[in-house]
>>> print(open('my_file-v8.cif').read())   # mmCIF, C-alpha atoms
data_input
loop_
_atom_site.label_atom_id
_atom_site.label_comp_id
_atom_site.auth_asym_id
_atom_site.auth_seq_id
_atom_site.Cartn_x
_atom_site.Cartn_y
_atom_site.Cartn_z
CA MET J 926 -19.62 -30.88 155.47
CA SER J 927 -20.63 -33.09 152.57
CA TYR J 928 -24.23 -33.75 151.55
CA TYR J 929 -23.81 -37.43 152.38
CA SER J 930 -22.55 -36.79 155.91
CA ARG J 931 -25.53 -34.49 156.62
CA HIS J 932 -28.01 -36.96 155.15
CA ASN J 933 -28.11 -40.73 155.31
CA VAL J 934 -28.59 -41.24 151.57
CA GLY J 935 -29.40 -44.81 150.63
CA GLY J 936 -27.84 -46.02 153.87
CA TRP J 937 -24.45 -44.63 152.85
CA ARG J 938 -22.69 -42.41 155.36
CA ALA J 939 -19.64 -40.54 154.16
CA MET J 940 -16.86 -39.35 156.39
CA ASP J 941 -16.72 -35.58 156.63
CA ILE J 942 -13.58 -35.26 154.56
CA GLN J 943 -14.39 -32.48 152.16
CA LEU J 944 -11.96 -29.62 152.38
CA PRO J 945 -13.42 -26.15 151.73
CA HIS J 946 -12.65 -24.61 148.37
CA ARG J 947 -9.08 -23.31 148.40
CA SER J 948 -10.12 -19.70 147.79
CA GLU J 949 -12.08 -19.78 151.08
CA GLN J 950 -9.11 -20.83 153.24
CA THR J 951 -5.78 -19.52 154.31
CA LEU J 952 -2.76 -21.71 153.60
CA GLU J 953 -2.49 -22.47 157.32
CA ASP J 954 -6.17 -23.46 157.67
CA ALA J 955 -5.94 -25.65 154.57
CA ALA J 956 -2.87 -27.37 156.06
CA VAL J 957 -4.74 -28.10 159.32
CA ASP J 958 -7.72 -29.54 157.43
CA PHE J 959 -5.37 -31.52 155.21
CA ARG J 960 -3.52 -33.04 158.19
CA ASN J 961 -6.80 -33.98 159.86
CA SER J 962 -8.13 -35.60 156.68
CA VAL J 963 -4.90 -37.52 156.09
CA ARG J 964 -4.92 -38.77 159.69
CA ARG J 965 -8.56 -39.96 159.44
CA ILE J 966 -8.21 -41.54 156.01
CA ALA J 967 -4.72 -42.99 155.93
CA GLY J 968 -3.43 -42.85 159.51
CA GLY J 969 -0.82 -40.24 158.61
CA SER J 970 1.36 -38.97 155.80
CA ALA J 971 3.31 -42.25 155.47
CA GLY J 972 0.04 -44.16 155.10
CA LEU J 973 -1.16 -41.75 152.42
CA ALA J 974 2.12 -42.05 150.54
CA THR J 975 1.84 -45.85 150.64
CA LYS J 976 -1.74 -45.73 149.36
CA MET J 977 -0.71 -43.43 146.53
CA VAL J 978 2.03 -45.84 145.45
CA GLU J 979 -0.44 -48.74 145.65
CA LEU J 980 -2.85 -46.78 143.45
CA GLY J 981 -0.20 -46.25 140.79
CA ASP J 982 1.65 -43.03 141.63
CA GLN J 983 4.91 -43.63 139.78
CA ARG J 984 6.93 -40.96 141.52
CA ASN J 985 9.69 -41.91 143.91
CA PRO J 986 8.07 -42.66 147.33
CA GLU J 987 10.35 -40.07 148.97
CA THR J 988 9.09 -37.46 146.51
CA ILE J 989 5.49 -38.36 147.32
CA SER J 990 6.18 -38.12 151.06
CA ARG J 991 7.95 -34.79 150.68
CA SER J 992 5.01 -33.39 148.69
CA ILE J 993 2.54 -34.55 151.35
CA GLN J 994 4.69 -33.12 154.14
CA ARG J 995 4.95 -29.75 152.40
CA MET J 996 1.15 -29.56 152.06
CA ALA J 997 0.72 -30.63 155.69
CA ALA J 998 3.17 -27.96 156.84
CA GLY J 999 1.40 -25.25 154.84
CA GLU J 1000 4.46 -24.60 152.69
CA VAL J 1001 2.42 -25.15 149.51
CA ARG J 1002 -1.29 -25.18 148.85
CA VAL J 1003 -3.22 -28.46 148.88
CA SER J 1004 -3.56 -29.28 145.20
CA GLY J 1005 -6.86 -30.03 143.52
CA GLU J 1006 -5.55 -33.47 142.64
CA MET J 1007 -4.78 -34.18 146.30
CA ARG J 1008 -8.27 -33.06 147.28
CA VAL J 1009 -9.70 -35.55 144.77
CA ILE J 1010 -7.45 -38.34 146.06
CA LEU J 1011 -8.53 -37.66 149.66
CA GLU J 1012 -12.19 -37.59 148.65
CA LEU J 1013 -11.94 -40.93 146.83
CA LEU J 1014 -9.91 -42.59 149.59
CA GLY J 1015 -12.40 -41.28 152.15
CA ARG J 1016 -15.29 -42.78 150.19
CA GLN J 1017 -13.42 -46.09 149.95
CA LYS J 1018 -12.77 -46.08 153.70
CA ALA J 1019 -16.41 -45.29 154.47
CA ARG J 1020 -17.54 -48.11 152.15
CA GLY J 1021 -15.16 -50.53 153.87
CA GLU J 1022 -16.47 -49.51 157.28
CA ARG J 1023 -20.06 -50.02 156.07
CA LEU J 1024 -19.24 -53.48 154.68
CA LEU J 1025 -17.51 -54.42 157.93
CA GLU J 1026 -20.55 -53.25 159.94
CA GLU J 1027 -23.00 -55.14 157.74
CA ALA J 1028 -21.05 -58.42 157.55
CA ARG J 1029 -22.65 -61.30 159.40
CA TRP J 1030 -19.75 -63.21 160.93
CA VAL J 1031 -20.54 -66.88 161.63
CA PRO J 1032 -18.49 -68.52 164.41
CA GLN J 1033 -16.64 -71.70 163.39
CA PRO J 1034 -15.64 -74.74 165.51
CA ASP J 1035 -11.92 -73.82 165.23
CA GLY J 1036 -12.61 -70.44 166.87
CA GLY J 1037 -12.53 -68.55 163.59
CA VAL J 1038 -15.34 -66.85 161.71
CA THR J 1039 -16.68 -66.82 158.18
CA ALA J 1040 -18.79 -64.32 156.26
CA GLN J 1041 -20.25 -63.84 152.82
CA VAL J 1042 -19.68 -60.22 151.79
CA GLN J 1043 -21.01 -59.33 148.38
CA ASP J 1044 -19.52 -61.92 145.99
CA PHE J 1045 -16.70 -62.91 148.35
CA SER J 1046 -16.38 -65.65 150.94
CA ILE J 1047 -14.15 -64.68 153.83
CA ALA J 1048 -12.71 -67.13 156.33
CA ILE J 1049 -10.69 -65.91 159.30
CA ALA J 1050 -8.99 -68.48 161.51
CA PRO J 1051 -6.62 -68.41 164.45
CA ALA J 1052 -3.10 -69.67 163.77
CA LYS J 1053 0.01 -69.43 165.90
CA GLY J 1054 -1.43 -66.73 168.16
CA ARG J 1055 -2.50 -64.56 165.22
CA TRP J 1056 -5.36 -64.44 162.74
CA ARG J 1057 -5.20 -65.20 159.04
CA ALA J 1058 -7.83 -64.25 156.51
CA GLU J 1059 -8.62 -66.01 153.25
CA LEU J 1060 -10.84 -64.56 150.54
CA ARG J 1061 -12.38 -66.17 147.48
CA HIS J 1062 -14.65 -64.58 144.87
CA SER J 1063 -17.68 -66.55 143.69
CA GLY J 1064 -16.09 -66.65 140.22
CA GLY J 1065 -13.05 -68.45 141.61
CA TYR J 1066 -10.65 -65.52 141.90
CA SER J 1067 -8.65 -65.52 145.12
CA PRO J 1068 -6.78 -62.28 145.80
CA PRO J 1069 -3.47 -62.30 147.66
CA TRP J 1070 -4.35 -62.90 151.28
CA PRO J 1071 -3.72 -60.09 153.71
CA ARG J 1072 -0.98 -60.20 156.34
CA TRP J 1073 -1.73 -62.05 159.55
CA LYS J 1074 -3.06 -59.81 162.29
CA PRO J 1075 -2.77 -59.99 166.08
CA THR J 1076 -6.52 -59.58 166.76
CA LEU J 1077 -9.71 -60.83 165.17
CA ALA J 1078 -11.01 -57.25 164.76
CA GLU J 1079 -7.84 -56.26 162.86
CA ALA J 1080 -8.11 -59.38 160.68
CA LYS J 1081 -11.73 -58.55 159.81
CA HIS J 1082 -10.77 -54.98 158.90
CA GLU J 1083 -7.83 -56.17 156.80
CA ALA J 1084 -10.02 -58.75 155.02
CA ILE J 1085 -12.50 -56.02 154.03
CA GLN J 1086 -9.66 -53.83 152.73
CA CYS J 1087 -8.40 -56.82 150.73
CA LEU J 1088 -11.94 -57.31 149.35
CA LEU J 1089 -12.08 -53.69 148.17
CA LYS J 1090 -8.72 -54.09 146.42
CA ALA J 1091 -9.83 -57.38 144.88
CA GLU J 1092 -12.97 -55.72 143.50
CA ALA J 1093 -10.80 -53.10 141.81
CA ASP J 1094 -8.53 -55.85 140.44
CA LEU J 1095 -11.52 -57.73 139.03
CA ASP J 1096 -12.86 -54.55 137.42
CA GLU J 1097 -9.45 -53.94 135.86
CA MET J 1098 -9.23 -57.53 134.57
CA TRP J 1099 -12.74 -57.27 133.11
CA ALA J 1100 -11.88 -53.98 131.38
CA TYR J 1101 -8.70 -55.51 129.94
CA GLU J 1102 -10.56 -58.60 128.67
CA HIS J 1103 -13.30 -56.46 127.10
CA ARG J 1104 -11.21 -53.67 125.63
CA GLY J 1105 -12.36 -52.95 122.14
CA ASP J 1106 -15.82 -54.43 122.81
CA VAL J 1107 -17.35 -50.95 123.02
#
>>> encode(input="my_file-v8.cif", output="structure tokens")
Amino acid sequence: MSYYSRHNVGGWRAMDIQLPHRSEQTLEDAAVDFRNSVRRIAGGSAGLATKMVELGDQRNPETISRSIQRMAAGEVRVSGEMRVILELLGRQKARGERLLEEARWVPQPDGGVTAQVQDFSIAIAPAKGRWRAELRHSGGYSPPWPRWKPTLAEAKHEAIQCLLKAEADLDEMWAYEHRGDV
């Protein structure tokens, strides 16, 4: 269990995603812990493979999936790199859940809701039996809007995930614009 999941440090609660050190586990036990972590963090091996591609893994998606499946089956050990990826994705998921919990959603006359989350304005409105979310950063940046969702709760969750991705995009743009300034 991680320090952050045992203690509420600064209001941040981490998911208990830390896998024990590989020397302390059998291959089978590591595979069980790996499968549980993947399910909690990414919804399954296909979700993890998709996230890895989104984060820049340049391998063929089938190769990524096969690697994940082999670790999940206990055929190979869970690599240190995969442990790091799961830890970072777990932190991102926990942060998204915290932002979603803390958002103050204001009802709108059209049945939708709006919220100000960090430096982003989020508007979610009903349309054609589904919900669409729009995000805009205070600096004017508008990330690609997430896919329409069948429920308001799913649209809120998707909007927060889009916000997290947009923050990473803005950080990347800032780093590119300021390269060489150091």
>>> closest_residue(input="my_file-v8.cif", among="J:Ile1049, J:Leu1025, J:Ala971, J:Leu1013", to="J:Arg991", atoms="only C-alpha atoms")
J:Ala971
>>> resolve_selection(input="my_file-v8.cif", expression="the PyMOL selection byres ((chain J and resi 956-959) around 10)", output="number ranges by chain")
J: 942-945, 950-955, 960-965, 993-1003, 1007-1008, 1011
>>> residues_near_point(input="my_file-v8.cif", point="(-10.4, -57.4, 142.1)", cutoff="12 Å", atoms="all atoms listed in the file", output="count of residues only")
27
>>> residues_near_point(input="my_file-v8.cif", point="(-10.8, -68.2, 155.2)", cutoff="9 Å", atoms="only C-alpha atoms", output="ChimeraX atom specification")
/J:1037-1040,1046-1050,1057-1061
